[in-house]
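Student: I'm passing along input_12.tsv; it holds TSV, C-alpha atoms (C1' of nucleotides).
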chain	number	residue	atom	x	y	z
A	58	MET	CA	1.29	52.43	8.23
A	59	GLN	CA	4.52	52.69	6.29
A	60	SER	CA	4.79	56.38	6.96
A	61	SER	CA	3.77	55.94	10.59
A	62	LEU	CA	6.67	53.55	11.11
A	63	LEU	CA	9.00	56.09	9.57
A	64	ASP	CA	7.59	58.77	11.83
A	65	ASP	CA	7.99	56.62	14.90
A	66	LEU	CA	11.58	55.88	14.03
A	67	ARG	CA	12.43	59.46	13.24
A	68	LEU	CA	10.72	60.78	16.31
A	69	ALA	CA	12.99	58.56	18.34
A	70	GLY	CA	16.09	59.40	16.34
A	71	TYR	CA	16.34	56.15	14.40
A	72	ARG	CA	16.74	55.55	10.67
A	73	LEU	CA	14.42	53.52	8.50
A	74	THR	CA	16.48	50.72	7.01
A	75	PRO	CA	15.43	47.78	4.83
A	76	GLN	CA	16.54	45.47	7.62
A	77	ARG	CA	14.19	47.02	10.12
A	78	GLU	CA	11.37	47.03	7.62
A	79	VAL	CA	11.74	43.40	6.73
A	80	VAL	CA	11.90	42.27	10.34
A	81	LEU	CA	8.70	44.12	11.05
A	82	ALA	CA	7.14	42.72	7.88
A	83	VAL	CA	7.95	39.15	8.87
A	84	LEU	CA	6.29	39.65	12.22
A	85	SER	CA	3.29	41.26	10.56
A	86	GLU	CA	2.67	38.22	8.43
A	87	THR	CA	2.05	35.75	11.22
A	88	HIS	CA	0.24	35.36	14.49
A	89	GLU	CA	2.89	32.99	15.82
A	90	HIS	CA	5.63	34.03	18.18
A	91	LEU	CA	8.92	33.87	16.33
A	92	THR	CA	12.45	33.51	17.64
A	93	ALA	CA	15.25	35.70	16.31
A	94	ARG	CA	16.56	32.68	14.42
A	95	GLU	CA	13.23	32.06	12.71
A	96	ILE	CA	12.80	35.74	11.90
A	97	LEU	CA	16.23	35.70	10.28
A	98	ARG	CA	15.35	32.61	8.26
A	99	ARG	CA	12.15	34.13	6.90
A	100	ALA	CA	13.60	37.60	6.36
A	101	ARG	CA	16.48	36.24	4.31
A	102	ARG	CA	14.06	35.19	1.60
A	103	ARG	CA	13.75	38.87	0.84
A	104	LEU	CA	17.06	40.17	2.10
A	105	PRO	CA	19.51	37.32	1.62
A	106	ARG	CA	22.51	39.05	3.15
A	107	LEU	CA	20.66	39.94	6.31
A	108	ASN	CA	22.71	39.13	9.37
A	109	LYS	CA	21.62	37.93	12.78
A	110	SER	CA	23.20	40.92	14.49
A	111	ALA	CA	21.00	43.19	12.44
A	112	VAL	CA	17.95	41.14	13.45
A	113	TYR	CA	18.78	41.45	17.13
A	114	ARG	CA	19.46	45.14	16.74
A	115	ALA	CA	16.26	45.71	14.78
A	116	LEU	CA	14.22	43.81	17.35
A	117	ASP	CA	15.76	45.93	20.03
A	118	VAL	CA	14.75	49.14	18.31
A	119	LEU	CA	11.26	47.90	17.49
A	120	THR	CA	10.82	46.76	21.07
A	121	HIS	CA	11.83	50.14	22.41
A	122	LEU	CA	9.24	51.69	20.13
A	123	SER	CA	6.84	49.07	21.55
A	124	LEU	CA	5.97	47.93	18.06
A	125	VAL	CA	7.19	44.48	19.05
A	126	ASN	CA	6.90	42.50	22.28
A	127	PRO	CA	9.54	40.06	23.47
A	128	ILE	CA	8.10	37.05	25.25
A	129	ASP	CA	10.47	35.13	27.45
A	130	VAL	CA	8.99	31.70	28.02
A	131	GLY	CA	12.06	30.70	29.97
A	132	GLN	CA	13.17	28.10	27.45
A	133	GLY	CA	16.30	29.68	26.07
A	134	GLU	CA	15.27	31.57	22.98
A	135	ILE	CA	13.22	34.71	23.37
A	136	GLN	CA	10.14	34.92	21.20
A	137	TYR	CA	8.86	38.04	19.48
A	138	GLU	CA	5.43	39.11	18.32
A	139	LEU	CA	3.83	42.22	16.91
A	140	ASN	CA	2.39	44.46	19.62
A	141	THR	CA	-1.20	44.38	18.49
A	142	GLN	CA	-4.28	45.89	20.05
A	143	PRO	CA	-6.04	44.64	22.02
A	144	HIS	CA	-3.27	43.17	24.14
A	145	HIS	CA	-3.24	39.50	24.87
A	146	HIS	CA	-1.21	37.32	27.18
A	147	HIS	CA	0.37	33.90	27.33
A	148	LEU	CA	-0.20	30.88	29.51
A	149	VAL	CA	2.88	28.70	29.31
A	150	CYS	CA	2.47	25.08	30.46
A	151	GLN	CA	5.63	23.98	32.23
A	152	GLN	CA	4.81	20.38	31.54
A	153	CYS	CA	4.04	20.19	27.82
A	154	GLY	CA	5.28	23.62	26.73
A	155	LYS	CA	2.03	24.60	25.11
A	156	ILE	CA	1.40	28.34	24.92
A	157	THR	CA	-2.20	29.52	25.11
A	158	ASP	CA	-3.03	33.09	24.20
A	159	ILE	CA	-5.67	34.75	26.35
A	160	ASP	CA	-7.18	38.19	26.13
A	161	GLY	CA	-6.39	40.98	28.53
A	162	HIS	CA	-9.49	41.24	30.65
A	163	ALA	CA	-8.15	38.85	33.28
A	164	PHE	CA	-5.53	41.44	34.09
A	165	ASN	CA	-7.72	44.47	34.61
A	166	THR	CA	-7.86	44.13	38.38
A	167	LEU	CA	-4.15	43.48	38.65
A	168	ASP	CA	-3.33	46.46	36.48
A	169	LYS	CA	-5.49	48.75	38.56
A	170	ILE	CA	-4.01	47.61	41.85
A	171	LEU	CA	-0.42	47.96	40.67
A	172	ARG	CA	-1.05	51.47	39.39
A	173	THR	CA	-3.00	52.77	42.36
A	174	GLU	CA	-1.34	50.98	45.26
A	175	TYR	CA	2.23	50.86	43.99
A	176	GLY	CA	2.45	53.65	41.43
A	177	PHE	CA	3.89	51.04	39.07
A	178	ALA	CA	3.12	51.16	35.33
A	179	PRO	CA	3.21	47.49	34.36
A	180	PHE	CA	3.95	46.28	30.86
A	181	LEU	CA	1.08	43.84	30.88
A	182	PHE	CA	1.73	42.91	27.32
A	183	HIS	CA	4.97	40.91	27.04
A	184	PHE	CA	3.49	38.75	29.72
A	185	ALA	CA	3.92	35.05	30.24
A	186	ILE	CA	2.34	33.14	33.07
A	187	PHE	CA	3.77	29.76	33.91
A	188	GLY	CA	1.70	26.93	35.24
A	189	ILE	CA	0.08	23.66	34.31
A	190	CYS	CA	-2.59	23.37	31.65
A	191	ARG	CA	-5.83	21.48	32.00
A	192	GLU	CA	-4.74	18.33	30.17
A	193	CYS	CA	-1.44	18.03	31.99
A	194	GLN	CA	-3.17	18.45	35.35
A	195	ARG	CA	-5.25	15.44	34.48
A	196	LYS	CA	-2.25	13.31	33.54
A	197	MET	CA	-0.27	14.42	36.55
A	198	LYS	CA	-2.58	13.23	39.29
A	199	LYS	CA	-0.53	10.02	39.56
A	200	ASP	CA	2.93	11.55	39.75
A	201	THR	CA	4.11	12.17	43.33
A	202	ARG	CA	6.62	14.91	42.52
A	203	VAL	CA	4.08	16.85	40.62
A	204	ALA	CA	1.27	16.36	43.08
A	205	LEU	CA	3.47	18.09	45.64
A	206	LEU	CA	4.07	20.92	43.25
A	207	LEU	CA	0.40	21.39	42.48
A	208	THR	CA	-0.39	21.50	46.18
A	209	ARG	CA	2.26	24.09	46.90
A	210	CYS	CA	1.37	26.40	44.05
A	211	ALA	CA	-2.16	26.87	45.31
A	212	PRO	CA	-2.95	30.52	45.99
A	213	ALA	CA	-1.44	31.96	49.16
B	155	MET	CA	12.11	21.09	59.00
B	156	GLN	CA	15.26	19.05	58.55
B	157	SER	CA	13.32	15.82	58.55
B	158	SER	CA	10.60	17.30	56.37
B	159	LEU	CA	13.17	18.14	53.74
B	160	LEU	CA	14.45	14.60	53.89
B	161	ASP	CA	10.92	13.32	53.54
B	162	ASP	CA	10.22	15.55	50.59
B	163	LEU	CA	13.35	14.40	48.85
B	164	ARG	CA	12.73	10.72	49.52
B	165	LEU	CA	9.11	10.95	48.54
B	166	ALA	CA	10.25	12.23	45.19
B	167	GLY	CA	13.05	9.71	44.85
B	168	TYR	CA	15.94	12.06	45.59
B	169	ARG	CA	18.82	11.72	48.04
B	170	LEU	CA	19.69	14.14	50.82
B	171	THR	CA	23.22	15.34	50.12
B	172	PRO	CA	25.33	17.96	51.88
B	173	GLN	CA	25.32	19.98	48.67
B	174	ARG	CA	21.55	20.19	48.55
B	175	GLU	CA	21.40	21.02	52.24
B	176	VAL	CA	23.89	23.84	52.01
B	177	VAL	CA	22.21	25.39	48.97
B	178	LEU	CA	18.93	25.40	50.82
B	179	ALA	CA	20.63	26.75	53.94
B	180	VAL	CA	22.16	29.66	52.04
B	181	LEU	CA	18.78	30.61	50.66
B	182	SER	CA	17.21	30.30	54.11
B	183	GLU	CA	19.61	32.86	55.55
B	184	THR	CA	18.59	35.80	53.40
B	185	HIS	CA	15.57	37.55	52.01
B	186	GLU	CA	17.46	38.63	48.92
B	187	HIS	CA	17.19	36.89	45.60
B	188	LEU	CA	20.48	35.16	44.87
B	189	THR	CA	22.00	34.09	41.58
B	190	ALA	CA	23.56	30.65	41.18
B	191	ARG	CA	26.98	32.31	41.22
B	192	GLU	CA	26.27	34.09	44.52
B	193	ILE	CA	24.82	30.94	46.06
B	194	LEU	CA	28.00	29.09	45.09
B	195	ARG	CA	30.17	31.82	46.62
B	196	ARG	CA	28.33	31.71	49.92
B	197	ALA	CA	27.97	27.95	50.05
B	198	ARG	CA	31.69	27.43	49.51
B	199	ARG	CA	32.40	28.97	52.90
B	200	ARG	CA	30.99	25.78	54.33
B	201	LEU	CA	31.64	23.34	51.51
B	202	PRO	CA	34.78	24.59	49.77
B	203	ARG	CA	34.85	21.96	47.05
B	204	LEU	CA	31.28	22.64	46.02
B	205	ASN	CA	30.97	22.93	42.26
B	206	LYS	CA	28.70	25.10	40.18
B	207	SER	CA	27.19	22.08	38.45
B	208	ALA	CA	26.09	20.78	41.80
B	209	VAL	CA	24.52	24.14	42.61
B	210	TYR	CA	22.55	24.17	39.37
B	211	ARG	CA	21.50	20.56	39.89
B	212	ALA	CA	20.51	21.21	43.50
B	213	LEU	CA	18.50	24.28	42.52
B	214	ASP	CA	16.77	22.20	39.91
B	215	VAL	CA	15.74	19.57	42.43
B	216	LEU	CA	14.67	22.11	45.03
B	217	THR	CA	12.66	23.95	42.43
B	218	HIS	CA	10.88	20.79	41.39
B	219	LEU	CA	9.98	20.24	45.03
B	220	SER	CA	8.82	23.88	45.00
B	221	LEU	CA	11.04	24.64	47.95
B	222	VAL	CA	12.76	27.25	45.83
B	223	ASN	CA	11.47	29.71	43.24
B	224	PRO	CA	13.49	30.81	40.23
B	225	ILE	CA	12.86	34.43	39.27
B	226	ASP	CA	13.84	35.40	35.76
B	227	VAL	CA	14.13	39.17	35.65
B	228	GLY	CA	15.25	38.97	32.05
B	229	GLN	CA	18.74	40.27	32.76
B	230	GLY	CA	20.84	37.21	32.11
B	231	GLU	CA	21.27	35.47	35.43
B	232	ILE	CA	18.30	33.75	37.01
B	233	GLN	CA	17.67	34.59	40.63
B	234	TYR	CA	16.52	32.17	43.29
B	235	GLU	CA	14.63	32.59	46.53
B	236	LEU	CA	13.09	30.38	49.16
B	237	ASN	CA	9.44	29.59	48.45
B	238	THR	CA	7.98	31.11	51.58
B	239	GLN	CA	4.37	31.51	52.61
B	240	PRO	CA	2.60	33.78	52.02
B	241	HIS	CA	3.67	34.13	48.41
B	242	HIS	CA	4.93	37.44	47.18
B	243	HIS	CA	5.76	38.79	43.76
B	244	HIS	CA	8.20	41.07	42.05
B	245	LEU	CA	7.85	44.34	40.21
B	246	VAL	CA	10.89	44.79	38.01
B	247	CYS	CA	11.57	48.30	36.74
B	248	GLN	CA	12.89	48.13	33.19
B	249	GLN	CA	14.47	51.52	33.57
B	250	CYS	CA	16.46	51.37	36.81
B	251	GLY	CA	16.35	47.63	37.47
B	252	LYS	CA	14.91	48.00	40.96
B	253	ILE	CA	12.93	45.00	42.20
B	254	THR	CA	10.04	45.67	44.56
B	255	ASP	CA	8.44	42.80	46.42
B	256	ILE	CA	4.67	42.93	46.75
B	257	ASP	CA	2.28	40.61	48.50
B	258	GLY	CA	-0.01	38.25	46.71
B	259	HIS	CA	-3.44	39.80	47.14
B	260	ALA	CA	-3.17	41.75	43.88
B	261	PHE	CA	-3.24	38.41	42.08
B	262	ASN	CA	-6.33	36.88	43.64
B	263	THR	CA	-8.66	37.91	40.86
B	264	LEU	CA	-6.24	36.82	38.16
B	265	ASP	CA	-5.73	33.47	39.81
B	266	LYS	CA	-9.45	32.85	40.02
B	267	ILE	CA	-10.09	33.77	36.40
B	268	LEU	CA	-7.29	31.60	35.06
B	269	ARG	CA	-8.49	28.60	37.04
B	270	THR	CA	-12.19	28.92	36.31
B	271	GLU	CA	-12.17	30.25	32.75
B	272	TYR	CA	-9.10	28.50	31.40
B	273	GLY	CA	-8.61	25.49	33.71
B	274	PHE	CA	-5.02	26.66	34.07
B	275	ALA	CA	-3.18	26.22	37.39
B	276	PRO	CA	-0.81	29.19	37.43
B	277	PHE	CA	2.43	29.26	39.37
B	278	LEU	CA	1.76	32.68	40.76
B	279	PHE	CA	4.87	32.57	42.83
B	280	HIS	CA	8.00	32.84	40.65
B	281	PHE	CA	6.38	35.85	39.16
B	282	ALA	CA	8.03	38.95	37.82
B	283	ILE	CA	6.11	41.84	36.34
B	284	PHE	CA	8.02	44.27	34.18
B	285	GLY	CA	7.20	47.91	33.98
B	286	ILE	CA	8.28	51.35	35.11
B	287	CYS	CA	8.45	52.36	38.76
B	288	ARG	CA	7.07	55.56	40.20
B	289	GLU	CA	10.36	57.47	40.29
B	290	CYS	CA	11.39	56.53	36.78
B	291	GLN	CA	7.99	57.56	35.44
B	292	ARG	CA	8.63	60.98	36.87
B	293	LYS	CA	12.07	61.29	35.30
B	294	MET	CA	10.88	59.95	31.98
B	295	LYS	CA	8.25	62.52	31.14
B	296	LYS	CA	10.84	64.44	29.09
B	297	ASP	CA	12.19	61.54	27.04
B	298	THR	CA	10.39	61.10	23.71
B	299	ARG	CA	11.20	57.42	23.22
B	300	VAL	CA	9.93	56.55	26.61
B	301	ALA	CA	6.84	58.70	26.45
B	302	LEU	CA	5.79	56.64	23.43
B	303	LEU	CA	6.39	53.47	25.37
B	304	LEU	CA	4.36	54.62	28.36
B	305	THR	CA	1.49	55.56	26.09
B	306	ARG	CA	1.48	52.24	24.33
B	307	CYS	CA	1.63	50.12	27.45
B	308	ALA	CA	-1.56	51.55	28.83
B	309	PRO	CA	-4.16	48.85	29.50
B	310	ALA	CA	-5.87	47.51	26.41
C	207	DT	C1'	28.81	64.76	3.98
C	208	DT	C1'	28.63	62.11	8.13
C	209	DA	C1'	26.81	59.81	11.87
C	210	DA	C1'	24.11	55.83	12.32
C	211	DG	C1'	23.58	51.10	10.76
C	212	DT	C1'	25.22	46.75	8.76
C	213	DG	C1'	27.83	42.34	7.92
C	214	DC	C1'	31.07	39.42	9.55
C	215	DA	C1'	33.72	36.97	12.81
C	216	DA	C1'	35.04	36.51	17.26
C	217	DA	C1'	33.88	36.98	22.11
C	218	DT	C1'	30.83	36.49	26.08
C	219	DC	C1'	28.78	34.10	29.58
C	220	DA	C1'	25.11	31.59	32.01
C	221	DT	C1'	23.94	27.07	31.92
C	222	DT	C1'	24.50	22.13	30.56
C	223	DT	C1'	26.72	17.77	29.78
C	224	DG	C1'	30.05	13.57	29.59
C	225	DC	C1'	32.51	10.94	32.33
C	226	DA	C1'	35.22	8.94	36.05
C	227	DT	C1'	34.90	8.97	41.01
C	228	DG	C1'	32.49	9.18	45.42
C	229	DG	C1'	28.84	8.58	48.77
C	230	DA	C1'	23.80	7.95	50.37
C	231	DT	C1'	20.62	4.34	50.78
D	108	DA	C1'	26.22	-3.39	46.65
D	109	DT	C1'	23.63	-0.11	43.92
D	110	DC	C1'	23.18	3.56	41.37
D	111	DC	C1'	22.29	8.35	42.30
D	112	DA	C1'	25.11	12.49	42.77
D	113	DT	C1'	29.31	15.13	42.51
D	114	DG	C1'	33.57	17.52	40.65
D	115	DC	C1'	35.86	18.79	36.85
D	116	DA	C1'	36.55	20.25	32.28
D	117	DA	C1'	34.77	20.91	28.04
D	118	DA	C1'	30.71	21.96	25.22
D	119	DT	C1'	26.57	24.54	24.14
D	120	DG	C1'	24.10	28.17	22.29
D	121	DA	C1'	21.69	32.49	22.44
D	122	DT	C1'	23.07	37.03	22.41
D	123	DT	C1'	26.62	40.73	22.13
D	124	DT	C1'	30.51	43.27	20.48
D	125	DG	C1'	34.62	45.29	17.73
D	126	DC	C1'	35.60	46.96	13.57
D	127	DA	C1'	35.85	48.23	8.72
D	128	DC	C1'	32.52	49.19	5.31
D	129	DT	C1'	27.74	51.12	3.75
D	130	DT	C1'	24.07	53.97	3.48
D	131	DA	C1'	20.05	56.86	5.02
D	132	DA	C1'	19.53	61.50	6.12
Translate this file's structure into structure tokens.

Tutor:
Amino acid sequence: MQSSLLDDLRLAGYRLTPQREVVLAVLSETHEHLTAREILRRARRRLPRLNKSAVYRALDVLTHLSLVNPIDVGQGEIQYELNTQPHHHHLVCQQCGKITDIDGHAFNTLDKILRTEYGFAPFLFHFAIFGICRECQRKMKKDTRVALLLTRCAPA
Amino acid sequence: MQSSLLDDLRLAGYRLTPQREVVLAVLSETHEHLTAREILRRARRRLPRLNKSAVYRALDVLTHLSLVNPIDVGQGEIQYELNTQPHHHHLVCQQCGKITDIDGHAFNTLDKILRTEYGFAPFLFHFAIFGICRECQRKMKKDTRVALLLTRCAPA
DNA sequence: TTAAGTGCAAATCATTTGCATGGAT
DNA sequence: ATCCATGCAAATGATTTGCACTTAA
């Protein structure tokens, strides 16, 4: 695992630095999605002089190696997670902000269509789907603005 | 259409202002996705004192009414488009940046699964899927970094 | 050795906000 | 007459960048 990371980096012309290792280690130790700021905070326990630029640069490298997935939930800070197998995806509730992880099978049909009909190779990991979760739908029945929204977002 | 906009706004407790009208008008006159900055530029031809704050606030209102869709292609500026029927979606090539519009049928299965299995009402309009387009896949066969990426993004 | 990587501080830049004024209802 | 909305300027805040110094190879 250690040596495979080194190989991946070398193969791509990168160096193995303590900064890159520790960023990857932090992400390996959780199943949460972490922001760059939170990664920095945790990584500094082991590498106190670590700088946020180095975190961003490390995340960039790790993302290009597809060891890490950025997840943009559209709320300012980008979140990062380890790119584990099997892939999973994220349902982001626009109302309460809750993020639900779901497994990949829901996307099989979509993946196939995009590849065969459009020749497009989708990155169906770093994937966030926005919408309204079950509980919020219940609460929202009364709110006029939102009722409109729910009506209009029905499938085409 | 004019009066329906007014109704929508009133129903939701908003006022119909020239600023909101002109922002909507600008979006109605194109099939492109426009950034807030570009919307401001075009809208100022008709409303020279229009301010960027007003544009952002108008886009916010129109989005909440689901008259407008924000599309975050992950490249800094958010893009906006009219929420037309039938819905369509966006394939964003991470390599060359090209955005391809596709119709909604590819998402029917996904939509159904999310609703029935997860009780989640997805906003399957403002939807951008990242990946690599046909042409870039061809060019990228030689590049080691990218070959790795293409391998790893294969369906789970 | 030497090119790539880091730490630091400053810059960038889309978006947001406070506040006094203006306008839709 | 109300109070929602705008214009302006200043703030915010995540991410990026320039540069001198380190360090992995």

Student: Should the cut-off be 6 Å, what would the residue list for chain B against chain A look like, counting all atoms listed in the file, as a ChimeraX atom specification?

Tutor: /B:166,220,240-241,260,264,273-277,284-288,299,303,307,310

Student: Restrict the distance test to all atoms listed in the file, flag each residue of chain D within 12 Å of chain B, and return the flagged residues as a PyMOL selection string.

Tutor: chain D and resi 110-116+121-122

Student: Selected residues, C-alpha atoms (C1' of nucleotides), written as a short mmCIF file (atom, residue, chain, number, x, y, z; two decimals), in the frame of the given file, please.

Tutor:
data_model
loop_
_atom_site.label_atom_id
_atom_site.label_comp_id
_atom_site.auth_asym_id
_atom_site.auth_seq_id
_atom_site.Cartn_x
_atom_site.Cartn_y
_atom_site.Cartn_z
"C1'" DC D 110 23.18 3.56 41.37
"C1'" DC D 111 22.29 8.35 42.30
"C1'" DA D 112 25.11 12.49 42.77
"C1'" DT D 113 29.31 15.13 42.51
"C1'" DG D 114 33.57 17.52 40.65
"C1'" DC D 115 35.86 18.79 36.85
"C1'" DA D 116 36.55 20.25 32.28
"C1'" DA D 121 21.69 32.49 22.44
"C1'" DT D 122 23.07 37.03 22.41
#

Student: Work out how far atom CA of Asn126 of chain A is from atom CA of Pro224 of chain B, in Å to one decimal.

Tutor: 22.4 Å

Student: Measuring between only C-alpha atoms (C1' of nucleotides), which one of A:Tyr137, A:Met197, A:Val118, A:Thr173 shows the shortest distance to chain C?

Tutor: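 Closest to chain C of all the choices is A:Val118.
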
Student: Give me the chain C side of the contact with chain A, cut-off 9 Å, one line per residue showing its nearest atom pair and distance in Å at one decimal, counting all atoms listed in the file, sorted by chain and residue number, as a tab-separated table.

Tutor:
residue	atom	partner	partner_atom	distance
C:DA210	C1'	A:Arg72	CA	7.6
C:DG211	C1'	A:Thr74	CA	8.0
C:DT212	C1'	A:Ala111	CA	6.6
C:DG213	C1'	A:Asn108	CA	6.2
C:DC214	C1'	A:Asn108	CA	8.4

Student: Could you write out that same residue set with C-alpha atoms (C1' of nucleotides) as a CSV table (one decimal), in the coordinates of the input?

Tutor:
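The result, stored in result30.csv:
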chain,number,residue,atom,x,y,z
C,210,DA,C1',24.1,55.8,12.3
C,211,DG,C1',23.6,51.1,10.8
C,212,DT,C1',25.2,46.8,8.8
C,213,DG,C1',27.8,42.3,7.9
C,214,DC,C1',31.1,39.4,9.6

Student: Can you tell me, as a list in words, what residues are no more than 10 Å from DT119 of chain D when counting all atoms listed in the file, ignoring any on the same chain fewer than 2 positions away?

Tutor: DT221, DT222 and DT223 of chain C; DA117 and DA121 of chain D

Student: Report the distance between atom C1' of DG120 of chain D and atom CA of His146 of chain A in Å, rounded to one decimal place.

Tutor: 27.4 Å

Student: One decimal, Å: what's the distance from atom CA of Ser158 of chain B over to atom CA of Glu175 of chain B, could you say?

Tutor: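 Computing the Euclidean distance for atom CA of Ser158 of chain B and atom CA of Glu175 of chain B yields 12.1 Å.
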
Student: Using all atoms listed in the file, pick whichever of B:Arg164, B:Arg196, B:Lys293, B:His244 has the shortest atom-to-atom distance to Glu183 of chain B.

Tutor: B:Arg196

Student: Write segment 62-79 of chain A as a JSON list (two decimals), in the coordinates of the input, completed to N, CA and C atoms.

Tutor:
[["chain", "number", "residue", "atom", "x", "y", "z"],
["A", 62, "LEU", "N", 5.44, 54.19, 10.61],
["A", 62, "LEU", "CA", 6.67, 53.55, 11.11],
["A", 62, "LEU", "C", 7.84, 54.52, 10.97],
["A", 63, "LEU", "N", 7.93, 55.13, 9.80],
["A", 63, "LEU", "CA", 9.00, 56.09, 9.57],
["A", 63, "LEU", "C", 8.95, 57.22, 10.59],
["A", 64, "ASP", "N", 7.75, 57.71, 10.84],
["A", 64, "ASP", "CA", 7.59, 58.77, 11.83],
["A", 64, "ASP", "C", 8.05, 58.33, 13.21],
["A", 65, "ASP", "N", 7.61, 57.13, 13.59],
["A", 65, "ASP", "CA", 7.99, 56.62, 14.90],
["A", 65, "ASP", "C", 9.50, 56.55, 15.04],
["A", 66, "LEU", "N", 10.13, 56.01, 14.00],
["A", 66, "LEU", "CA", 11.58, 55.88, 14.03],
["A", 66, "LEU", "C", 12.24, 57.25, 14.13],
["A", 67, "ARG", "N", 11.81, 58.14, 13.26],
["A", 67, "ARG", "CA", 12.43, 59.46, 13.24],
["A", 67, "ARG", "C", 12.25, 60.20, 14.55],
["A", 68, "LEU", "N", 11.03, 60.12, 15.05],
["A", 68, "LEU", "CA", 10.72, 60.78, 16.31],
["A", 68, "LEU", "C", 11.70, 60.33, 17.39],
["A", 69, "ALA", "N", 12.11, 59.10, 17.32],
["A", 69, "ALA", "CA", 12.99, 58.56, 18.34],
["A", 69, "ALA", "C", 14.45, 58.64, 17.92],
["A", 70, "GLY", "N", 14.71, 59.21, 16.76],
["A", 70, "GLY", "CA", 16.09, 59.40, 16.34],
["A", 70, "GLY", "C", 16.69, 58.20, 15.63],
["A", 71, "TYR", "N", 15.84, 57.32, 15.12],
["A", 71, "TYR", "CA", 16.34, 56.15, 14.40],
["A", 71, "TYR", "C", 16.18, 56.34, 12.90],
["A", 72, "ARG", "N", 16.89, 55.53, 12.13],
["A", 72, "ARG", "CA", 16.74, 55.55, 10.67],
["A", 72, "ARG", "C", 15.87, 54.39, 10.22],
["A", 73, "LEU", "N", 15.22, 54.60, 9.09],
["A", 73, "LEU", "CA", 14.42, 53.52, 8.50],
["A", 73, "LEU", "C", 15.29, 52.73, 7.52],
["A", 74, "THR", "N", 15.62, 51.53, 7.88],
["A", 74, "THR", "CA", 16.48, 50.72, 7.01],
["A", 74, "THR", "C", 15.69, 49.53, 6.49],
["A", 75, "PRO", "N", 16.11, 48.95, 5.36],
["A", 75, "PRO", "CA", 15.43, 47.78, 4.83],
["A", 75, "PRO", "C", 15.40, 46.64, 5.85],
["A", 76, "GLN", "N", 16.47, 46.53, 6.63],
["A", 76, "GLN", "CA", 16.54, 45.47, 7.62],
["A", 76, "GLN", "C", 15.43, 45.60, 8.65],
["A", 77, "ARG", "N", 15.24, 46.81, 9.12],
["A", 77, "ARG", "CA", 14.19, 47.02, 10.12],
["A", 77, "ARG", "C", 12.81, 46.81, 9.51],
["A", 78, "GLU", "N", 12.65, 47.23, 8.28],
["A", 78, "GLU", "CA", 11.37, 47.03, 7.62],
["A", 78, "GLU", "C", 11.03, 45.56, 7.46],
["A", 79, "VAL", "N", 12.02, 44.79, 7.03],
["A", 79, "VAL", "CA", 11.74, 43.40, 6.73],
["A", 79, "VAL", "C", 11.48, 42.61, 8.01]]
